[in-house]
file query_5.cif (mmCIF, C-alpha atoms)
data_coords
loop_
_atom_site.group_PDB
_atom_site.id
_atom_site.type_symbol
_atom_site.label_atom_id
_atom_site.label_comp_id
_atom_site.auth_asym_id
_atom_site.auth_seq_id
_atom_site.Cartn_x
_atom_site.Cartn_y
_atom_site.Cartn_z
ATOM 1 C CA LEU A 1 40.100 -149.162 -9.494
ATOM 2 C CA GLN A 2 37.965 -151.388 -7.273
ATOM 3 C CA ARG A 3 38.074 -148.838 -4.426
ATOM 4 C CA ILE A 4 36.908 -145.924 -6.563
ATOM 5 C CA PRO A 5 33.129 -146.566 -6.227
ATOM 6 C CA ALA A 6 33.428 -146.782 -2.428
ATOM 7 C CA LEU A 7 35.409 -143.544 -2.377
ATOM 8 C CA PHE A 8 32.775 -141.835 -4.538
ATOM 9 C CA ALA A 9 29.991 -143.045 -2.221
ATOM 10 C CA ARG A 10 31.840 -141.751 0.846
ATOM 11 C CA ALA A 11 32.484 -138.385 -0.790
ATOM 12 C CA ALA A 12 28.780 -138.134 -1.714
ATOM 13 C CA ARG A 13 27.717 -138.893 1.892
ATOM 14 C CA GLU A 14 30.180 -136.302 3.184
ATOM 15 C CA LYS A 15 28.881 -133.690 0.747
ATOM 16 C CA GLU A 16 25.240 -134.376 1.638
ATOM 17 C CA SER A 17 25.905 -134.270 5.386
ATOM 18 C CA GLY A 18 28.032 -131.146 5.022
ATOM 19 C CA LEU A 19 25.245 -129.327 3.189
ATOM 20 C CA ALA A 20 22.739 -130.336 5.885
ATOM 21 C CA VAL A 21 25.015 -129.130 8.709
ATOM 22 C CA ASP A 22 25.741 -125.865 6.898
ATOM 23 C CA LEU A 23 22.003 -125.264 6.525
ATOM 24 C CA LEU A 24 21.232 -126.245 10.131
ATOM 25 C CA THR A 25 23.910 -123.939 11.550
ATOM 26 C CA SER A 26 23.343 -121.007 9.214
ATOM 27 C CA GLY A 27 21.983 -117.711 10.516
ATOM 28 C CA SER A 28 24.408 -117.530 13.466
ATOM 29 C CA GLY A 29 23.235 -120.951 14.633
ATOM 30 C CA ASN A 30 19.525 -120.187 14.313
ATOM 31 C CA GLY A 31 19.158 -121.960 10.975
ATOM 32 C CA PRO A 32 17.777 -120.670 7.692
ATOM 33 C CA THR A 33 14.958 -118.165 7.357
ATOM 34 C CA LEU A 34 11.693 -119.985 6.706
ATOM 35 C CA SER A 35 8.611 -118.901 4.759
ATOM 36 C CA ASP A 36 7.240 -117.084 7.854
ATOM 37 C CA LEU A 37 10.358 -114.843 7.633
ATOM 38 C CA LYS A 38 11.670 -116.161 10.962
ATOM 39 C CA ALA A 39 14.711 -118.325 11.583
ATOM 40 C CA LEU A 40 14.247 -122.072 11.941
ATOM 41 C CA PHE A 41 15.056 -121.761 15.662
ATOM 42 C CA HIS A 42 13.096 -118.819 17.005
ATOM 43 C CA ALA A 43 11.318 -118.020 20.273
ATOM 44 C CA ASP A 44 8.058 -117.595 18.333
ATOM 45 C CA HIS A 45 8.434 -121.160 17.061
ATOM 46 C CA GLY A 46 8.827 -122.523 20.594
ATOM 47 C CA ASN A 47 11.813 -124.616 19.540
ATOM 48 C CA LYS A 48 14.735 -122.733 21.049
ATOM 49 C CA ALA A 49 15.928 -122.717 24.653
ATOM 50 C CA SER A 50 15.668 -119.281 26.221
ATOM 51 C CA ALA A 51 19.170 -119.663 27.703
ATOM 52 C CA GLY A 52 22.052 -121.931 26.772
ATOM 53 C CA ALA A 53 22.677 -124.832 29.131
ATOM 54 C CA ALA A 54 24.465 -128.162 29.115
ATOM 55 C CA ILE A 55 22.697 -131.435 28.384
ATOM 56 C CA SER A 56 20.999 -132.619 31.570
ATOM 57 C CA GLU A 57 17.766 -134.179 32.756
ATOM 58 C CA THR A 58 16.300 -130.693 33.172
ATOM 59 C CA THR A 59 17.317 -129.345 29.744
ATOM 60 C CA LEU A 60 16.250 -132.538 27.957
ATOM 61 C CA SER A 61 12.930 -132.371 29.783
ATOM 62 C CA ASP A 62 12.490 -128.780 28.520
ATOM 63 C CA ALA A 63 13.301 -129.898 24.961
ATOM 64 C CA ARG A 64 10.870 -132.809 25.147
ATOM 65 C CA LYS A 65 8.129 -130.560 26.503
ATOM 66 C CA ALA A 66 8.711 -127.989 23.746
ATOM 67 C CA LEU A 67 8.334 -130.663 21.057
ATOM 68 C CA ARG A 68 5.273 -132.191 22.727
ATOM 69 C CA LEU A 69 3.554 -128.779 22.906
ATOM 70 C CA GLN A 70 4.056 -127.913 19.222
ATOM 71 C CA THR A 71 0.806 -127.273 17.389
ATOM 72 C CA GLY A 72 -0.082 -127.993 13.786
ATOM 73 C CA LEU A 73 -1.489 -125.596 11.243
ATOM 74 C CA SER A 74 -4.941 -126.131 12.761
ATOM 75 C CA GLY A 75 -3.683 -124.879 16.121
ATOM 76 C CA LYS A 76 -4.165 -128.284 17.737
ATOM 77 C CA PRO A 77 -1.322 -130.141 19.499
ATOM 78 C CA ILE A 78 0.600 -132.601 17.333
ATOM 79 C CA ASN A 79 2.392 -134.311 20.249
ATOM 80 C CA LEU A 80 5.795 -134.819 18.630
ATOM 81 C CA ASP A 81 7.916 -137.629 20.038
ATOM 82 C CA PRO A 82 11.620 -136.766 20.503
ATOM 83 C CA ARG A 83 13.879 -139.536 19.146
ATOM 84 C CA ILE A 84 17.306 -138.071 18.312
ATOM 85 C CA LEU A 85 19.833 -136.141 20.364
ATOM 86 C CA LEU A 86 22.141 -134.529 17.784
ATOM 87 C CA VAL A 87 25.450 -133.327 19.211
ATOM 88 C CA PRO A 88 28.938 -132.237 18.172
ATOM 89 C CA ALA A 89 31.810 -134.618 18.986
ATOM 90 C CA ALA A 90 32.696 -132.466 22.003
ATOM 91 C CA LEU A 91 29.405 -133.475 23.664
ATOM 92 C CA GLU A 92 29.332 -137.138 22.659
ATOM 93 C CA THR A 93 30.382 -138.593 26.021
ATOM 94 C CA LEU A 94 28.039 -136.349 28.020
ATOM 95 C CA ALA A 95 25.160 -137.157 25.661
ATOM 96 C CA GLU A 96 25.739 -140.908 25.870
ATOM 97 C CA LYS A 97 25.983 -140.810 29.667
ATOM 98 C CA THR A 98 22.824 -138.708 29.927
ATOM 99 C CA VAL A 99 20.670 -141.048 27.831
ATOM 100 C CA SER A 100 22.175 -144.392 28.881
ATOM 101 C CA ALA A 101 19.957 -147.023 30.454
ATOM 102 C CA VAL A 102 20.830 -148.080 33.982
ATOM 103 C CA GLN A 103 19.189 -150.517 36.340
ATOM 104 C CA ALA A 104 17.555 -148.132 38.778
ATOM 105 C CA ALA A 105 17.069 -149.294 42.360
ATOM 106 C CA LYS A 106 14.471 -146.599 43.004
ATOM 107 C CA THR A 107 12.058 -144.560 40.904
ATOM 108 C CA SER A 108 14.020 -141.320 41.303
ATOM 109 C CA ASP A 109 17.006 -142.944 39.558
ATOM 110 C CA VAL A 110 15.106 -143.976 36.408
ATOM 111 C CA ASN A 111 16.376 -142.337 33.231
ATOM 112 C CA PRO A 112 13.376 -141.163 31.167
ATOM 113 C CA PHE A 113 15.545 -140.345 28.138
ATOM 114 C CA THR A 114 16.792 -143.796 27.141
ATOM 115 C CA ALA A 115 14.597 -143.686 24.013
ATOM 116 C CA LEU A 116 16.778 -140.886 22.593
ATOM 117 C CA ARG A 117 19.382 -142.046 20.094
ATOM 118 C CA VAL A 118 22.610 -140.055 20.178
ATOM 119 C CA VAL A 119 23.766 -138.935 16.730
ATOM 120 C CA VAL A 120 27.174 -137.284 16.518
ATOM 121 C CA ASP A 121 28.404 -135.106 13.674
ATOM 122 C CA SER A 122 31.896 -133.699 14.056
ATOM 123 C CA ARG A 123 31.126 -130.974 11.504
ATOM 124 C CA LEU A 124 29.013 -129.342 14.223
ATOM 125 C CA ASP A 125 32.144 -128.747 16.342
ATOM 126 C CA ALA A 126 33.470 -126.193 13.846
ATOM 127 C CA LYS A 127 30.205 -124.259 14.145
ATOM 128 C CA SER A 128 29.638 -124.601 17.920
ATOM 129 C CA ALA A 129 31.067 -127.224 20.256
ATOM 130 C CA THR A 130 28.291 -126.571 22.794
ATOM 131 C CA ARG A 131 25.046 -126.344 20.751
ATOM 132 C CA TRP A 132 22.875 -129.449 20.738
ATOM 133 C CA TYR A 133 19.563 -130.471 19.167
ATOM 134 C CA VAL A 134 16.620 -132.729 19.925
ATOM 135 C CA VAL A 135 14.787 -133.994 16.859
ATOM 136 C CA THR A 136 11.590 -135.937 16.376
ATOM 137 C CA ASP A 137 11.605 -139.118 14.317
ATOM 138 C CA PRO A 138 12.107 -137.971 10.699
ATOM 139 C CA ALA A 139 9.855 -140.807 9.498
ATOM 140 C CA ALA A 140 7.010 -139.500 11.675
ATOM 141 C CA PHE A 141 7.209 -135.773 10.936
ATOM 142 C CA ASP A 142 8.706 -133.837 8.034
ATOM 143 C CA GLY A 143 11.230 -131.215 9.012
ATOM 144 C CA LEU A 144 14.439 -131.582 7.020
ATOM 145 C CA TRP A 145 14.148 -132.860 3.485
ATOM 146 C CA TYR A 146 16.873 -134.554 1.486
ATOM 147 C CA ALA A 147 16.038 -134.675 -2.189
ATOM 148 C CA TYR A 148 17.594 -136.097 -5.326
ATOM 149 C CA LEU A 149 16.826 -135.402 -8.940
ATOM 150 C CA GLU A 150 14.254 -138.006 -9.991
ATOM 151 C CA GLY A 151 15.986 -141.123 -11.202
ATOM 152 C CA HIS A 152 19.352 -139.967 -9.857
ATOM 153 C CA GLN A 153 19.459 -141.163 -6.244
ATOM 154 C CA GLY A 154 23.050 -141.062 -5.070
ATOM 155 C CA PRO A 155 26.136 -140.262 -7.098
ATOM 156 C CA GLN A 156 25.902 -140.822 -10.848
ATOM 157 C CA VAL A 157 29.127 -142.270 -12.242
ATOM 158 C CA GLU A 158 30.080 -142.191 -15.899
ATOM 159 C CA SER A 159 33.297 -143.448 -17.429
ATOM 160 C CA ARG A 160 34.944 -143.864 -20.773
ATOM 161 C CA VAL A 161 38.052 -145.646 -21.902
ATOM 162 C CA GLY A 162 40.784 -143.355 -23.148
ATOM 163 C CA TRP A 163 41.743 -143.520 -26.816
ATOM 164 C CA GLU A 164 44.602 -141.023 -26.787
ATOM 165 C CA ILE A 165 46.146 -142.416 -23.616
ATOM 166 C CA ASP A 166 45.862 -145.718 -21.779
ATOM 167 C CA GLY A 167 43.456 -145.081 -18.954
ATOM 168 C CA VAL A 168 39.876 -144.473 -17.940
ATOM 169 C CA GLU A 169 38.174 -141.120 -17.447
ATOM 170 C CA VAL A 170 35.610 -141.062 -14.659
ATOM 171 C CA LYS A 171 33.030 -138.369 -13.995
ATOM 172 C CA VAL A 172 30.774 -138.227 -10.927
ATOM 173 C CA ARG A 173 27.688 -136.053 -10.531
ATOM 174 C CA LEU A 174 25.502 -135.623 -7.456
ATOM 175 C CA ASP A 175 22.106 -133.983 -7.988
ATOM 176 C CA PHE A 176 21.109 -133.347 -4.391
ATOM 177 C CA GLY A 177 19.373 -130.703 -2.330
ATOM 178 C CA VAL A 178 18.486 -130.204 1.321
ATOM 179 C CA ALA A 179 15.943 -127.835 2.897
ATOM 180 C CA PHE A 180 13.901 -127.337 6.025
ATOM 181 C CA VAL A 181 10.175 -127.541 5.333
ATOM 182 C CA ASP A 182 8.985 -127.223 8.950
ATOM 183 C CA TYR A 183 10.449 -126.091 12.264
ATOM 184 C CA ARG A 184 8.201 -128.119 14.553
ATOM 185 C CA GLY A 185 10.278 -131.295 14.703
ATOM 186 C CA TRP A 186 13.515 -129.561 15.739
ATOM 187 C CA TYR A 187 14.658 -128.021 19.028
ATOM 188 C CA THR A 188 18.007 -126.416 19.895
ATOM 189 C CA ASN A 189 19.897 -125.328 22.967
ATOM 190 C CA ALA A 190 23.045 -123.214 22.563
ATOM 191 C CA GLY A 191 24.660 -125.122 25.396
ATOM 192 C CA ALA A 192 27.093 -123.894 27.973
#
call {"tool": "encode", "arguments": {"input": "query_5.cif", "output": "structure tokens"}}
result
Amino acid sequence: LQRIPALFARAAREKESGLAVDLLTSGSGNGPTLSDLKALFHADHGNKASAGAAISETTLSDARKALRLQTGLSGKPINLDPRILLVPAALETLAEKTVSAVQAAKTSDVNPFTALRVVVDSRLDAKSATRWYVVTDPAAFDGLWYAYLEGHQGPQVESRVGWEIDGVEVKVRLDFGVAFVDYRGWYTNAGA
């Protein structure tokens, strides 16, 4: 019985992450349709690579530039700072090698992408083992929202002792939702 709360918490995290990945990869990998009636990742949004390519200095530079050039509702640049490289498990090693810090002996060997944190989600592999994402710091710019019913953050556990039988009945409820509220903080490349 002592392990049950930990198991509930893990199941809740898995459910929340699964819903986020399903939303991110919906629409044939282009994400959900937003209020402008375009997919999250769309050429008009400037957040989608024109051709799929592997993670490299060149493709990460393109992603960084696309995020930096995003404009706000006023039409002025908002200069988004890329912080996360989100990849499926199939790309984990390549991603880590690409963003790792090395002691460069000359300027041409400096890695400008060491500030990116690699985040791996194996659920992405089932959707596409080649597609990868660059995301701005979620604390700095709203893009993907996680939300809970007020007063119900995390799984809500209720239990009662059985009268008819010796035992305990346990019920768990998770009042959670996930949605994209803005495309500007996200960039994708279909990979190769």
call {"tool": "residues_around", "arguments": {"input": "query_5.cif", "residues": "range 114-121 of chain A", "least_positions_apart": "6", "cutoff": "8 Å", "atoms": "all atoms listed in the file", "output": "PyMOL selection string"}}
result
chain A and resi 82-89+92+95-96+99-101
call {"tool": "closest_atom_pairs", "arguments": {"input": "query_5.cif", "of": "range 26-137 of chain A", "to": "range 164-183 of chain A", "cutoff": "8 Å", "atoms": "all atoms listed in the file", "output": "tab-separated table"}}
result
residue	atom	partner	partner_atom	distance
A:Pro32	CA	A:Phe180	CA	7.9
A:Leu34	CA	A:Phe180	CA	7.7
A:Leu40	CA	A:Tyr183	CA	5.5
A:Phe41	CA	A:Tyr183	CA	7.2
A:His45	CA	A:Tyr183	CA	7.2
A:Asn47	CA	A:Tyr183	CA	7.5
call {"tool": "write_last_selection", "arguments": {"input": "query_5.cif", "atoms": "C-alpha atoms", "output": "short mmCIF file (atom, residue, chain, number, x, y, z; two decimals), in the coordinates of the input"}}
result
data_model
loop_
_atom_site.label_atom_id
_atom_site.label_comp_id
_atom_site.auth_asym_id
_atom_site.auth_seq_id
_atom_site.Cartn_x
_atom_site.Cartn_y
_atom_site.Cartn_z
CA PRO A 32 17.78 -120.67 7.69
CA LEU A 34 11.69 -119.98 6.71
CA LEU A 40 14.25 -122.07 11.94
CA PHE A 41 15.06 -121.76 15.66
CA HIS A 45 8.43 -121.16 17.06
CA ASN A 47 11.81 -124.62 19.54
#
call {"tool": "residues_around", "arguments": {"input": "query_5.cif", "residues": "range 64-79 of chain A", "least_positions_apart": "4", "cutoff": "7 Å", "atoms": "all atoms listed in the file", "output": "list in words"}}
result
Gly46, Asn47, Leu60, Arg184 and Gly185 of chain A
call {"tool": "closest_residue", "arguments": {"input": "query_5.cif", "among": "A:Ala147, A:Thr130, A:Ala11, A:Leu19", "to": "Ala53 in chain A", "atoms": "only C-alpha atoms"}}
result
A:Thr130
call {"tool": "closest_residue", "arguments": {"input": "query_5.cif", "among": "A:Gly29, A:Pro112, A:Pro5, A:Gly143", "to": "Ala126 in chain A", "atoms": "all atoms listed in the file"}}
result
A:Gly29
call {"tool": "closest_residue", "arguments": {"input": "query_5.cif", "among": "A:Phe113, A:Glu57, A:Ser26, A:Leu80", "to": "Ala140 in chain A", "atoms": "all atoms listed in the file"}}
result
A:Leu80
call {"tool": "axis_aligned_box", "arguments": {"input": "query_5.cif", "around": "range 105-109 of chain A", "padding_each_side": "3 Å", "output": "lines of an AutoDock Vina configuration file"}}
result
center_x = 14.6
center_y = -145.3
center_z = 41.3
size_x = 11.0
size_y = 14.0
size_z = 9.4
call {"tool": "decode", "arguments": {"input": "query_5.cif", "residues": "range 152-189 of chain A", "atoms": "N, CA, C and O atoms", "output": "tab-separated table (two decimals), in the first residue's frame"}}
result
chain	number	residue	atom	x	y	z
A	152	HIS	N	-7.05	21.54	-7.73
A	152	HIS	CA	-6.86	20.11	-7.98
A	152	HIS	C	-5.58	19.85	-8.75
A	152	HIS	O	-5.57	19.13	-9.74
A	153	GLN	N	-4.47	20.46	-8.34
A	153	GLN	CA	-3.20	20.23	-9.00
A	153	GLN	C	-2.73	18.81	-8.73
A	153	GLN	O	-2.64	18.39	-7.59
A	154	GLY	N	-2.47	18.08	-9.78
A	154	GLY	CA	-2.03	16.69	-9.65
A	154	GLY	C	-3.19	15.75	-9.43
A	154	GLY	O	-4.36	16.15	-9.39
A	155	PRO	N	-2.88	14.47	-9.28
A	155	PRO	CA	-3.94	13.48	-9.09
A	155	PRO	C	-4.64	13.65	-7.74
A	155	PRO	O	-3.99	13.93	-6.73
A	156	GLN	N	-5.94	13.51	-7.75
A	156	GLN	CA	-6.75	13.59	-6.54
A	156	GLN	C	-7.12	12.16	-6.12
A	156	GLN	O	-7.76	11.43	-6.88
A	157	VAL	N	-6.69	11.78	-4.94
A	157	VAL	CA	-6.87	10.40	-4.47
A	157	VAL	C	-7.91	10.38	-3.36
A	157	VAL	O	-7.84	11.17	-2.41
A	158	GLU	N	-8.87	9.50	-3.51
A	158	GLU	CA	-9.88	9.29	-2.47
A	158	GLU	C	-9.90	7.81	-2.13
A	158	GLU	O	-9.70	6.96	-3.00
A	159	SER	N	-10.16	7.50	-0.88
A	159	SER	CA	-10.22	6.09	-0.48
A	159	SER	C	-11.28	5.91	0.59
A	159	SER	O	-11.67	6.87	1.26
A	160	ARG	N	-11.73	4.69	0.69
A	160	ARG	CA	-12.65	4.33	1.78
A	160	ARG	C	-12.41	2.88	2.16
A	160	ARG	O	-12.06	2.05	1.32
A	161	VAL	N	-12.57	2.64	3.43
A	161	VAL	CA	-12.37	1.30	3.97
A	161	VAL	C	-13.61	0.47	3.66
A	161	VAL	O	-14.74	0.93	3.82
A	162	GLY	N	-13.37	-0.74	3.18
A	162	GLY	CA	-14.49	-1.62	2.84
A	162	GLY	C	-15.23	-2.11	4.07
A	162	GLY	O	-14.63	-2.39	5.10
A	163	TRP	N	-16.55	-2.21	3.97
A	163	TRP	CA	-17.37	-2.72	5.05
A	163	TRP	C	-17.77	-4.16	4.74
A	163	TRP	O	-17.75	-5.02	5.61
A	164	GLU	N	-18.10	-4.40	3.47
A	164	GLU	CA	-18.53	-5.73	3.05
A	164	GLU	C	-17.37	-6.71	2.97
A	164	GLU	O	-17.54	-7.89	3.22
A	165	ILE	N	-16.21	-6.19	2.57
A	165	ILE	CA	-15.02	-7.05	2.47
A	165	ILE	C	-13.87	-6.33	3.16
A	165	ILE	O	-13.87	-5.11	3.31
A	166	ASP	N	-12.88	-7.09	3.59
A	166	ASP	CA	-11.69	-6.48	4.17
A	166	ASP	C	-10.85	-5.91	3.03
A	166	ASP	O	-10.41	-6.64	2.14
A	167	GLY	N	-10.66	-4.63	3.05
A	167	GLY	CA	-9.87	-4.00	2.00
A	167	GLY	C	-10.12	-2.51	1.97
A	167	GLY	O	-10.88	-1.96	2.77
A	168	VAL	N	-9.49	-1.86	1.01
A	168	VAL	CA	-9.62	-0.43	0.83
A	168	VAL	C	-9.90	-0.15	-0.65
A	168	VAL	O	-9.24	-0.71	-1.52
A	169	GLU	N	-10.91	0.66	-0.90
A	169	GLU	CA	-11.19	1.09	-2.27
A	169	GLU	C	-10.48	2.42	-2.49
A	169	GLU	O	-10.53	3.30	-1.64
A	170	VAL	N	-9.82	2.53	-3.63
A	170	VAL	CA	-9.10	3.76	-3.95
A	170	VAL	C	-9.55	4.26	-5.31
A	170	VAL	O	-9.68	3.49	-6.26
A	171	LYS	N	-9.82	5.56	-5.36
A	171	LYS	CA	-10.22	6.20	-6.62
A	171	LYS	C	-9.27	7.35	-6.88
A	171	LYS	O	-8.95	8.12	-5.98
A	172	VAL	N	-8.82	7.48	-8.13
A	172	VAL	CA	-7.92	8.57	-8.51
A	172	VAL	C	-8.55	9.34	-9.65
A	172	VAL	O	-9.07	8.75	-10.60
A	173	ARG	N	-8.47	10.67	-9.57
A	173	ARG	CA	-9.02	11.53	-10.62
A	173	ARG	C	-7.95	12.55	-10.98
A	173	ARG	O	-7.26	13.10	-10.12
A	174	LEU	N	-7.81	12.81	-12.28
A	174	LEU	CA	-6.86	13.81	-12.75
A	174	LEU	C	-7.62	14.80	-13.63
A	174	LEU	O	-8.08	14.45	-14.71
A	175	ASP	N	-7.77	16.02	-13.16
A	175	ASP	CA	-8.45	17.08	-13.91
A	175	ASP	C	-7.39	17.94	-14.56
A	175	ASP	O	-6.87	18.88	-13.96
A	176	PHE	N	-7.05	17.60	-15.80
A	176	PHE	CA	-5.90	18.19	-16.47
A	176	PHE	C	-6.22	18.47	-17.92
A	176	PHE	O	-6.98	17.75	-18.56
A	177	GLY	N	-5.64	19.54	-18.45
A	177	GLY	CA	-5.78	19.84	-19.86
A	177	GLY	C	-4.48	20.43	-20.40
A	177	GLY	O	-3.66	20.95	-19.65
A	178	VAL	N	-4.30	20.33	-21.70
A	178	VAL	CA	-3.10	20.85	-22.34
A	178	VAL	C	-3.52	21.47	-23.67
A	178	VAL	O	-4.39	20.94	-24.36
A	179	ALA	N	-2.94	22.63	-24.00
A	179	ALA	CA	-3.29	23.31	-25.25
A	179	ALA	C	-2.16	24.24	-25.67
A	179	ALA	O	-1.40	24.73	-24.83
A	180	PHE	N	-2.05	24.45	-26.96
A	180	PHE	CA	-1.12	25.45	-27.47
A	180	PHE	C	-1.86	26.78	-27.54
A	180	PHE	O	-2.94	26.85	-28.11
A	181	VAL	N	-1.25	27.81	-26.98
A	181	VAL	CA	-1.84	29.15	-27.02
A	181	VAL	C	-1.08	30.07	-27.96
A	181	VAL	O	-1.57	31.15	-28.29
A	182	ASP	N	0.10	29.65	-28.41
A	182	ASP	CA	0.90	30.47	-29.33
A	182	ASP	C	1.91	29.58	-30.03
A	182	ASP	O	2.45	28.66	-29.44
A	183	TYR	N	2.16	29.86	-31.29
A	183	TYR	CA	3.11	29.08	-32.09
A	183	TYR	C	4.53	29.63	-32.02
A	183	TYR	O	5.49	28.95	-32.36
A	184	ARG	N	4.71	30.84	-31.60
A	184	ARG	CA	5.98	31.55	-31.74
A	184	ARG	C	7.15	30.92	-30.99
A	184	ARG	O	8.29	31.11	-31.38
A	185	GLY	N	6.92	30.24	-29.94
A	185	GLY	CA	8.02	29.68	-29.14
A	185	GLY	C	8.43	28.28	-29.54
A	185	GLY	O	9.27	27.67	-28.89
A	186	TRP	N	7.87	27.76	-30.65
A	186	TRP	CA	8.13	26.39	-31.07
A	186	TRP	C	8.60	26.35	-32.52
A	186	TRP	O	8.06	27.07	-33.36
A	187	TYR	N	9.55	25.48	-32.80
A	187	TYR	CA	10.08	25.29	-34.15
A	187	TYR	C	10.23	23.78	-34.37
A	187	TYR	O	10.60	23.06	-33.45
A	188	THR	N	9.96	23.31	-35.59
A	188	THR	CA	10.14	21.89	-35.88
A	188	THR	C	10.88	21.68	-37.18
A	188	THR	O	10.83	22.51	-38.10
A	189	ASN	N	11.55	20.54	-37.23
A	189	ASN	CA	12.21	20.07	-38.45
A	189	ASN	C	11.85	18.59	-38.55
A	189	ASN	O	12.01	17.84	-37.59
